[in-house]
Each structure stands twice: as C-alpha cells, then as structure tokens.
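Everything below belongs to final.cif, which stores mmCIF, N, CA and C atoms.
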```
data_upload
#
loop_
_atom_site.label_atom_id
_atom_site.label_comp_id
_atom_site.auth_asym_id
_atom_site.auth_seq_id
_atom_site.Cartn_x
_atom_site.Cartn_y
_atom_site.Cartn_z
N GLY A 1 -7.91 -5.45 -15.33
CA GLY A 1 -9.08 -5.11 -16.11
C GLY A 1 -9.23 -3.61 -16.26
N ALA A 2 -9.80 -3.19 -17.34
CA ALA A 2 -10.00 -1.77 -17.60
C ALA A 2 -11.25 -1.23 -16.90
N ASP A 3 -12.23 -2.09 -16.64
CA ASP A 3 -13.48 -1.67 -16.01
C ASP A 3 -13.36 -1.84 -14.50
N ARG A 4 -13.14 -0.73 -13.78
CA ARG A 4 -12.91 -0.82 -12.33
C ARG A 4 -14.07 -1.47 -11.61
N ARG A 5 -15.27 -1.22 -12.06
CA ARG A 5 -16.44 -1.82 -11.41
C ARG A 5 -16.37 -3.35 -11.50
N ALA A 6 -15.99 -3.88 -12.67
CA ALA A 6 -15.84 -5.33 -12.85
C ALA A 6 -14.69 -5.87 -12.00
N VAL A 7 -13.61 -5.10 -11.92
CA VAL A 7 -12.46 -5.51 -11.10
C VAL A 7 -12.88 -5.61 -9.64
N LEU A 8 -13.56 -4.59 -9.14
CA LEU A 8 -13.99 -4.61 -7.74
C LEU A 8 -14.98 -5.73 -7.47
N ALA A 9 -15.86 -6.01 -8.41
CA ALA A 9 -16.80 -7.12 -8.25
C ALA A 9 -16.05 -8.45 -8.15
N ARG A 10 -15.03 -8.63 -8.99
CA ARG A 10 -14.24 -9.86 -8.95
C ARG A 10 -13.45 -9.95 -7.64
N MET A 11 -12.93 -8.81 -7.19
CA MET A 11 -12.23 -8.77 -5.92
C MET A 11 -13.16 -9.22 -4.79
N CYS A 12 -14.40 -8.73 -4.81
CA CYS A 12 -15.38 -9.12 -3.79
C CYS A 12 -15.60 -10.63 -3.81
N SER A 13 -15.76 -11.18 -4.99
CA SER A 13 -15.98 -12.61 -5.14
C SER A 13 -14.80 -13.41 -4.58
N GLU A 14 -13.59 -13.02 -4.95
CA GLU A 14 -12.39 -13.71 -4.47
C GLU A 14 -12.26 -13.60 -2.95
N LEU A 15 -12.56 -12.43 -2.40
CA LEU A 15 -12.48 -12.22 -0.96
C LEU A 15 -13.51 -13.06 -0.22
N GLU A 16 -14.72 -13.12 -0.74
CA GLU A 16 -15.77 -13.93 -0.10
C GLU A 16 -15.39 -15.40 -0.08
N GLU A 17 -14.86 -15.89 -1.19
CA GLU A 17 -14.43 -17.29 -1.24
C GLU A 17 -13.30 -17.56 -0.24
N ALA A 18 -12.37 -16.64 -0.15
CA ALA A 18 -11.25 -16.81 0.79
C ALA A 18 -11.73 -16.78 2.23
N ARG A 19 -12.65 -15.90 2.55
CA ARG A 19 -13.20 -15.84 3.91
C ARG A 19 -13.93 -17.13 4.25
N ALA A 20 -14.64 -17.68 3.27
CA ALA A 20 -15.36 -18.94 3.49
C ALA A 20 -14.39 -20.08 3.79
N ARG A 21 -13.17 -19.99 3.28
CA ARG A 21 -12.13 -20.99 3.56
C ARG A 21 -11.42 -20.73 4.89
N GLY A 22 -11.77 -19.64 5.56
CA GLY A 22 -11.16 -19.31 6.83
C GLY A 22 -9.94 -18.42 6.74
N GLU A 23 -9.70 -17.83 5.55
CA GLU A 23 -8.55 -16.95 5.37
C GLU A 23 -8.80 -15.60 6.06
N ARG A 24 -7.75 -14.95 6.47
CA ARG A 24 -7.81 -13.56 6.93
C ARG A 24 -7.48 -12.72 5.71
N THR A 25 -8.44 -11.93 5.25
CA THR A 25 -8.35 -11.30 3.94
C THR A 25 -7.88 -9.85 3.97
N GLY A 26 -7.28 -9.45 2.85
CA GLY A 26 -6.85 -8.07 2.67
C GLY A 26 -7.09 -7.63 1.24
N ALA A 27 -7.25 -6.33 1.06
CA ALA A 27 -7.43 -5.76 -0.28
C ALA A 27 -6.57 -4.51 -0.40
N LEU A 28 -5.82 -4.46 -1.49
CA LEU A 28 -5.00 -3.30 -1.79
C LEU A 28 -5.67 -2.53 -2.92
N LEU A 29 -6.06 -1.30 -2.63
CA LEU A 29 -6.76 -0.48 -3.61
C LEU A 29 -5.91 0.70 -4.04
N LEU A 30 -6.17 1.16 -5.25
CA LEU A 30 -5.56 2.37 -5.78
C LEU A 30 -6.67 3.40 -5.91
N GLY A 31 -6.60 4.43 -5.15
CA GLY A 31 -7.65 5.44 -5.20
C GLY A 31 -8.56 5.32 -4.01
N ALA A 32 -9.84 5.30 -4.24
CA ALA A 32 -10.81 5.31 -3.16
C ALA A 32 -10.81 4.01 -2.37
N ALA A 33 -10.96 4.11 -1.08
CA ALA A 33 -11.09 2.95 -0.22
C ALA A 33 -12.54 2.47 -0.25
N PRO A 34 -12.87 1.24 0.16
CA PRO A 34 -14.13 0.65 -0.20
C PRO A 34 -15.37 0.98 0.55
N GLU A 35 -15.36 1.63 1.50
CA GLU A 35 -16.71 2.07 1.78
C GLU A 35 -16.83 3.12 0.77
N HIS A 36 -15.54 2.85 0.83
CA HIS A 36 -14.29 2.91 0.12
C HIS A 36 -14.68 2.74 -1.33
N ALA A 37 -15.00 1.74 -1.82
CA ALA A 37 -15.42 1.64 -3.21
C ALA A 37 -16.93 1.80 -3.30
N ALA A 38 -17.62 1.49 -2.25
CA ALA A 38 -19.08 1.60 -2.26
C ALA A 38 -19.48 3.05 -2.47
N GLY A 39 -20.53 3.26 -3.21
CA GLY A 39 -20.97 4.61 -3.48
C GLY A 39 -20.15 5.28 -4.56
N GLN A 40 -19.05 4.65 -4.96
CA GLN A 40 -18.23 5.21 -6.03
C GLN A 40 -18.22 4.26 -7.20
N ASP A 41 -17.46 3.18 -7.06
CA ASP A 41 -17.28 2.27 -8.18
C ASP A 41 -17.86 0.88 -7.94
N ALA A 42 -18.34 0.60 -6.77
CA ALA A 42 -18.84 -0.74 -6.48
C ALA A 42 -20.22 -0.64 -5.88
N ALA A 43 -20.98 -1.71 -6.02
CA ALA A 43 -22.33 -1.73 -5.48
C ALA A 43 -22.31 -1.98 -3.97
N GLU A 44 -21.23 -2.55 -3.46
CA GLU A 44 -21.13 -2.88 -2.04
C GLU A 44 -19.68 -2.76 -1.59
N PRO A 45 -19.47 -2.62 -0.28
CA PRO A 45 -18.09 -2.54 0.20
C PRO A 45 -17.35 -3.86 -0.01
N LEU A 46 -16.05 -3.79 -0.09
CA LEU A 46 -15.26 -5.01 -0.21
C LEU A 46 -15.30 -5.79 1.10
N PRO A 47 -15.53 -7.09 1.03
CA PRO A 47 -15.61 -7.91 2.24
C PRO A 47 -14.22 -8.36 2.70
N ALA A 48 -13.36 -7.41 3.01
CA ALA A 48 -11.99 -7.72 3.43
C ALA A 48 -11.84 -7.41 4.92
N ASP A 49 -11.01 -8.19 5.58
CA ASP A 49 -10.72 -7.92 6.99
C ASP A 49 -9.87 -6.68 7.14
N TYR A 50 -9.02 -6.41 6.14
CA TYR A 50 -8.14 -5.26 6.19
C TYR A 50 -8.02 -4.67 4.78
N VAL A 51 -8.06 -3.37 4.68
CA VAL A 51 -7.94 -2.68 3.39
C VAL A 51 -6.83 -1.64 3.49
N ALA A 52 -5.97 -1.61 2.48
CA ALA A 52 -4.94 -0.58 2.38
C ALA A 52 -5.16 0.17 1.07
N VAL A 53 -5.08 1.47 1.14
CA VAL A 53 -5.17 2.31 -0.05
C VAL A 53 -3.78 2.85 -0.31
N CYS A 54 -3.32 2.63 -1.53
CA CYS A 54 -1.93 2.92 -1.87
C CYS A 54 -1.89 3.88 -3.05
N GLY A 55 -2.00 5.17 -2.80
CA GLY A 55 -1.93 6.13 -3.88
C GLY A 55 -3.11 6.04 -4.83
N SER A 56 -2.94 6.55 -6.03
CA SER A 56 -4.01 6.49 -7.03
C SER A 56 -3.39 6.32 -8.41
N THR A 57 -4.18 5.78 -9.33
CA THR A 57 -3.67 5.55 -10.68
C THR A 57 -3.31 6.85 -11.37
N GLY A 58 -3.84 7.96 -10.90
CA GLY A 58 -3.49 9.26 -11.46
C GLY A 58 -2.14 9.77 -10.99
N ASP A 59 -1.58 9.12 -9.96
CA ASP A 59 -0.29 9.52 -9.41
C ASP A 59 0.48 8.25 -9.04
N LEU A 60 1.06 7.60 -10.06
CA LEU A 60 1.73 6.32 -9.83
C LEU A 60 2.96 6.44 -8.93
N GLU A 61 3.53 7.63 -8.84
CA GLU A 61 4.65 7.81 -7.92
C GLU A 61 4.17 7.65 -6.48
N SER A 62 2.94 8.11 -6.19
CA SER A 62 2.40 7.94 -4.84
C SER A 62 2.15 6.45 -4.56
N VAL A 63 1.75 5.70 -5.57
CA VAL A 63 1.56 4.26 -5.42
C VAL A 63 2.90 3.60 -5.09
N ALA A 64 3.92 3.95 -5.85
CA ALA A 64 5.25 3.37 -5.63
C ALA A 64 5.76 3.71 -4.23
N ARG A 65 5.55 4.95 -3.78
CA ARG A 65 6.00 5.35 -2.45
C ARG A 65 5.26 4.60 -1.36
N GLY A 66 3.98 4.33 -1.56
CA GLY A 66 3.16 3.70 -0.52
C GLY A 66 3.11 2.19 -0.56
N LEU A 67 3.64 1.58 -1.60
CA LEU A 67 3.47 0.13 -1.79
C LEU A 67 4.12 -0.69 -0.68
N TYR A 68 5.36 -0.40 -0.36
CA TYR A 68 6.06 -1.19 0.67
C TYR A 68 5.31 -1.11 2.00
N GLY A 69 4.92 0.09 2.39
CA GLY A 69 4.17 0.26 3.64
C GLY A 69 2.85 -0.49 3.63
N ALA A 70 2.18 -0.47 2.48
CA ALA A 70 0.91 -1.18 2.37
C ALA A 70 1.12 -2.69 2.51
N LEU A 71 2.15 -3.21 1.85
CA LEU A 71 2.42 -4.65 1.95
C LEU A 71 2.81 -5.03 3.38
N ARG A 72 3.58 -4.18 4.05
CA ARG A 72 3.94 -4.44 5.45
C ARG A 72 2.69 -4.43 6.34
N SER A 73 1.75 -3.55 6.03
CA SER A 73 0.54 -3.48 6.85
C SER A 73 -0.28 -4.77 6.76
N PHE A 74 -0.22 -5.45 5.61
CA PHE A 74 -0.90 -6.74 5.50
C PHE A 74 -0.23 -7.78 6.39
N ASP A 75 1.10 -7.73 6.47
CA ASP A 75 1.81 -8.63 7.39
C ASP A 75 1.37 -8.36 8.83
N GLU A 76 1.33 -7.09 9.20
CA GLU A 76 0.94 -6.71 10.56
C GLU A 76 -0.50 -7.11 10.86
N ALA A 77 -1.37 -7.07 9.86
CA ALA A 77 -2.77 -7.47 10.04
C ALA A 77 -2.95 -8.99 9.96
N GLU A 78 -1.84 -9.69 9.72
CA GLU A 78 -1.83 -11.15 9.61
C GLU A 78 -2.75 -11.66 8.50
N SER A 79 -2.77 -10.91 7.40
CA SER A 79 -3.57 -11.31 6.24
C SER A 79 -2.94 -12.55 5.59
N THR A 80 -3.79 -13.51 5.24
CA THR A 80 -3.30 -14.73 4.59
C THR A 80 -3.73 -14.80 3.13
N PHE A 81 -4.65 -13.93 2.72
CA PHE A 81 -5.13 -13.88 1.33
C PHE A 81 -5.35 -12.42 0.99
N ILE A 82 -4.67 -11.94 -0.06
CA ILE A 82 -4.74 -10.53 -0.44
C ILE A 82 -5.04 -10.40 -1.92
N VAL A 83 -5.95 -9.51 -2.25
CA VAL A 83 -6.18 -9.13 -3.65
C VAL A 83 -5.70 -7.70 -3.81
N ALA A 84 -5.17 -7.39 -4.99
CA ALA A 84 -4.64 -6.05 -5.24
C ALA A 84 -5.14 -5.55 -6.58
N GLU A 85 -5.50 -4.31 -6.60
CA GLU A 85 -5.90 -3.65 -7.83
C GLU A 85 -4.63 -3.31 -8.63
N ALA A 86 -4.66 -3.53 -9.91
CA ALA A 86 -3.50 -3.25 -10.77
C ALA A 86 -3.45 -1.78 -11.17
N CYS A 87 -2.29 -1.38 -11.66
CA CYS A 87 -2.13 -0.03 -12.18
C CYS A 87 -1.59 -0.13 -13.61
N PRO A 88 -1.68 0.95 -14.35
CA PRO A 88 -1.13 0.93 -15.71
C PRO A 88 0.37 0.65 -15.68
N GLU A 89 0.84 -0.16 -16.60
CA GLU A 89 2.25 -0.53 -16.64
C GLU A 89 3.02 0.43 -17.54
N GLU A 90 3.03 1.68 -17.13
CA GLU A 90 3.74 2.73 -17.85
C GLU A 90 4.66 3.42 -16.86
N GLY A 91 5.88 3.69 -17.26
CA GLY A 91 6.82 4.37 -16.38
C GLY A 91 7.00 3.61 -15.08
N ILE A 92 6.83 4.30 -13.96
CA ILE A 92 7.02 3.69 -12.65
C ILE A 92 5.96 2.62 -12.35
N GLY A 93 4.84 2.68 -13.07
CA GLY A 93 3.79 1.66 -12.92
C GLY A 93 4.30 0.27 -13.28
N GLU A 94 5.27 0.21 -14.19
CA GLU A 94 5.87 -1.08 -14.56
C GLU A 94 6.59 -1.69 -13.36
N ALA A 95 7.30 -0.87 -12.60
CA ALA A 95 8.00 -1.35 -11.40
C ALA A 95 7.02 -1.76 -10.32
N VAL A 96 5.94 -1.00 -10.16
CA VAL A 96 4.90 -1.34 -9.17
C VAL A 96 4.30 -2.70 -9.50
N MET A 97 3.93 -2.90 -10.75
CA MET A 97 3.32 -4.17 -11.13
C MET A 97 4.31 -5.33 -11.01
N ASN A 98 5.58 -5.08 -11.29
CA ASN A 98 6.60 -6.10 -11.11
C ASN A 98 6.65 -6.54 -9.65
N ARG A 99 6.63 -5.58 -8.73
CA ARG A 99 6.65 -5.89 -7.29
C ARG A 99 5.40 -6.65 -6.87
N LEU A 100 4.24 -6.22 -7.38
CA LEU A 100 2.98 -6.91 -7.03
C LEU A 100 2.98 -8.34 -7.55
N ARG A 101 3.48 -8.55 -8.77
CA ARG A 101 3.55 -9.91 -9.32
C ARG A 101 4.46 -10.80 -8.46
N LYS A 102 5.59 -10.24 -8.02
CA LYS A 102 6.49 -11.01 -7.15
C LYS A 102 5.80 -11.34 -5.84
N ALA A 103 5.13 -10.38 -5.26
CA ALA A 103 4.42 -10.61 -3.99
C ALA A 103 3.32 -11.66 -4.16
N ALA A 104 2.75 -11.73 -5.35
CA ALA A 104 1.67 -12.69 -5.64
C ALA A 104 2.17 -14.00 -6.20
N ALA A 105 3.49 -14.16 -6.21
CA ALA A 105 4.10 -15.37 -6.79
C ALA A 105 3.60 -15.61 -8.22
N GLY A 106 3.37 -14.51 -8.94
CA GLY A 106 2.97 -14.60 -10.34
C GLY A 106 1.49 -14.86 -10.58
N ARG A 107 0.69 -14.99 -9.53
CA ARG A 107 -0.74 -15.26 -9.72
C ARG A 107 -1.47 -13.96 -10.07
N VAL A 108 -2.01 -13.91 -11.27
CA VAL A 108 -2.73 -12.73 -11.76
C VAL A 108 -4.09 -13.16 -12.24
N ILE A 109 -5.12 -12.40 -11.87
CA ILE A 109 -6.48 -12.67 -12.32
C ILE A 109 -6.85 -11.58 -13.32
N SER A 110 -7.22 -11.98 -14.51
CA SER A 110 -7.65 -11.01 -15.52
C SER A 110 -9.17 -10.89 -15.50
N VAL A 111 -9.62 -9.66 -15.63
CA VAL A 111 -11.07 -9.39 -15.65
C VAL A 111 -11.40 -8.73 -16.97
#
```

Would you kindly transcribe this structure into structure tokens?
Amino acid sequence: GADRRAVLARMCSELEEARARGERTGALLLGAAPEHAAGQDAAEPLPADYVAVCGSTGDLESVARGLYGALRSFDEAESTFIVAEACPEEGIGEAVMNRLRKAAAGRVISV
C-alpha cells in the first residue's frame, strides 16, 4: 500500500488476530520501529512479540543488506507469524520483494 498509516493499521490487525490464535508474532519494518511507528505513522505501537527494522525505503541497498539478518532474527525469536512492510519494486527493491514473497510463500496482503 502507498499509505503507510493504512499499512501499519492493517499490520496491527493481522498481528492481533495471530496473537489471538496463539502465534508468536513478528513485524518487519522499513524505517522507523514501532514505538517505533507510534508517534510517527501509527496511532499505536505494533502488537508484535518481536520487531526487526531493516533499512529504509529511502535506502533500498540498506534494506537488501539487512534483510537476511532480519529474517534470521525471526527464526531466533521463534516467530510463527510475521508481517512485513513492502518496499518499492525498483532496482534492488525488486530483489528484496522477490525474497519477501518467497519467504511468505507468495501470500501478499494489499492495502
């Protein structure tokens, strides 16, 4: 989604539903972390058990460099349900989104 506030709101909704099912949740953000998103782009912090911040949309090379480490950190945190913020699919962003789609087994939520 183009509206980060709407994306973060949807992420919150998905995370709350997953927690209610007993999932251990994670959120991958680009840019600000959610206390991180709170006070910036969201009305409330993301209700995730673990949050990883992986670069920023203004520097997609930093996202690409940090992506593998961020995904490994979810494994280490034993996350069973993860939501990830998308990045523009331009240049290296196309490779980042390809990796995220593979990690998500193709499940994409549009906002």

Residues of segment 47-99 of chain A that approach segment 25-31 of chain A to 6 Å or less, counting all atoms listed in the file: could you list each one with the shortest pair of atoms and its distance in Å to one decimal, rows by chain and increasing residue number, as a Markdown table?
```
| residue | atom | partner | partner_atom | distance |
| --- | --- | --- | --- | --- |
| A:Ala48 | CA | A:Thr25 | C | 4.7 |
| A:Asp49 | N | A:Thr25 | C | 3.9 |
| A:Tyr50 | C | A:Ala27 | N | 4.1 |
| A:Val51 | CA | A:Ala27 | N | 4.4 |
| A:Ala52 | C | A:Leu29 | N | 4.1 |
| A:Val53 | CA | A:Leu29 | C | 4.4 |
| A:Cys54 | N | A:Leu29 | C | 4.1 |
| A:Gly55 | C | A:Gly31 | N | 3.9 |
| A:Ser56 | CA | A:Gly31 | N | 3.8 |
| A:Thr57 | N | A:Leu30 | C | 4.9 |
| A:Ser79 | CA | A:Thr25 | N | 5.0 |
| A:Thr80 | N | A:Thr25 | N | 4.9 |
| A:Phe81 | C | A:Gly26 | N | 4.0 |
| A:Ile82 | CA | A:Gly26 | C | 4.1 |
| A:Val83 | C | A:Leu28 | N | 4.0 |
| A:Ala84 | CA | A:Leu28 | N | 4.2 |
| A:Glu85 | N | A:Leu28 | C | 4.1 |
```

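If you measure from each of A:Leu71, A:Ala64, A:Ala104, A:Val111 to Val7 of chain A using all atoms listed in the file, the closest one turns out to be A:Val111.
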
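Checking A:Leu67, A:Glu61, A:Glu16, A:Pro88 one by one against Ala2 of chain A, counting only C-alpha atoms, you find the shortest gap at A:Pro88.
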
- Query: Using all atoms listed in the file, which of the listed residues (A:Glu89, A:Ser13, A:Val96, A:Val108) sits closest to Val63 of chain A?
  - Reply: A:Val96

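Compared by their closest atoms to Gly1 of chain A, and using only C-alpha atoms, the residues A:Cys87, A:Leu60, A:Ala105, A:Ala20 rank with A:Cys87 nearest.
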
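As for atom CA of Asp3 of chain A and atom CA of Ala86 of chain A, they are spaced 11.4 Å apart.
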
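With atom N of Arg4 of chain A on one side and atom N of Ser110 of chain A on the other, the separation reads 12.7 Å.
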
- Message: I need the helix (DSSP H, G or I) residues of chain A per DSSP on the backbone, written as a ChimeraX atom specification.
- Response: /A:4-20,60-76,92-103

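The gap separating atom C of Glu78 of chain A from atom C of Lys102 of chain A is 16.7 Å, in Å to one decimal.
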
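For chain A, backbone-based DSSP labels the following residues as strand (DSSP E or B): Thr25, Gly26, Ala27, Leu28, Leu29, Ala38, Ala42, Tyr50, Val51, Ala52, Val53, Ser56, Asp59, Phe81, Ile82, Val83 and Ala84 of chain A.
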
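Nearest residue to Pro47 of chain A, choosing from A:Asn98, A:Gly106, A:Gly91, A:Met11 and counting all atoms listed in the file: A:Met11.
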
Can you fill out segment 75-86 of chain A with N, CA, C and O atoms and hand it back as an mmCIF file, in the coordinates of the input?
```cif
data_model
loop_
_atom_site.group_PDB
_atom_site.id
_atom_site.type_symbol
_atom_site.label_atom_id
_atom_site.label_comp_id
_atom_site.auth_asym_id
_atom_site.auth_seq_id
_atom_site.Cartn_x
_atom_site.Cartn_y
_atom_site.Cartn_z
ATOM 1 N N ASP A 75 1.100 -7.730 6.470
ATOM 2 C CA ASP A 75 1.810 -8.630 7.390
ATOM 3 C C ASP A 75 1.370 -8.360 8.830
ATOM 4 O O ASP A 75 1.078 -9.288 9.583
ATOM 5 N N GLU A 76 1.330 -7.090 9.200
ATOM 6 C CA GLU A 76 0.940 -6.710 10.560
ATOM 7 C C GLU A 76 -0.500 -7.110 10.860
ATOM 8 O O GLU A 76 -0.831 -7.465 11.995
ATOM 9 N N ALA A 77 -1.370 -7.070 9.860
ATOM 10 C CA ALA A 77 -2.770 -7.470 10.040
ATOM 11 C C ALA A 77 -2.950 -8.990 9.960
ATOM 12 O O ALA A 77 -4.053 -9.487 10.091
ATOM 13 N N GLU A 78 -1.840 -9.690 9.720
ATOM 14 C CA GLU A 78 -1.830 -11.150 9.610
ATOM 15 C C GLU A 78 -2.750 -11.660 8.500
ATOM 16 O O GLU A 78 -3.411 -12.691 8.615
ATOM 17 N N SER A 79 -2.770 -10.910 7.400
ATOM 18 C CA SER A 79 -3.570 -11.310 6.240
ATOM 19 C C SER A 79 -2.940 -12.550 5.590
ATOM 20 O O SER A 79 -1.721 -12.615 5.428
ATOM 21 N N THR A 80 -3.790 -13.510 5.240
ATOM 22 C CA THR A 80 -3.300 -14.730 4.590
ATOM 23 C C THR A 80 -3.730 -14.800 3.130
ATOM 24 O O THR A 80 -3.245 -15.639 2.375
ATOM 25 N N PHE A 81 -4.650 -13.930 2.720
ATOM 26 C CA PHE A 81 -5.130 -13.880 1.330
ATOM 27 C C PHE A 81 -5.350 -12.420 0.990
ATOM 28 O O PHE A 81 -6.106 -11.724 1.653
ATOM 29 N N ILE A 82 -4.670 -11.940 -0.060
ATOM 30 C CA ILE A 82 -4.740 -10.530 -0.440
ATOM 31 C C ILE A 82 -5.040 -10.400 -1.920
ATOM 32 O O ILE A 82 -4.464 -11.110 -2.739
ATOM 33 N N VAL A 83 -5.950 -9.510 -2.250
ATOM 34 C CA VAL A 83 -6.180 -9.130 -3.650
ATOM 35 C C VAL A 83 -5.700 -7.700 -3.810
ATOM 36 O O VAL A 83 -5.778 -6.899 -2.870
ATOM 37 N N ALA A 84 -5.170 -7.390 -4.990
ATOM 38 C CA ALA A 84 -4.640 -6.050 -5.240
ATOM 39 C C ALA A 84 -5.140 -5.550 -6.580
ATOM 40 O O ALA A 84 -5.198 -6.295 -7.559
ATOM 41 N N GLU A 85 -5.500 -4.310 -6.600
ATOM 42 C CA GLU A 85 -5.900 -3.650 -7.830
ATOM 43 C C GLU A 85 -4.630 -3.310 -8.630
ATOM 44 O O GLU A 85 -3.641 -2.872 -8.050
ATOM 45 N N ALA A 86 -4.660 -3.530 -9.910
ATOM 46 C CA ALA A 86 -3.500 -3.250 -10.770
ATOM 47 C C ALA A 86 -3.450 -1.780 -11.170
ATOM 48 O O ALA A 86 -4.438 -1.054 -11.047
#
```
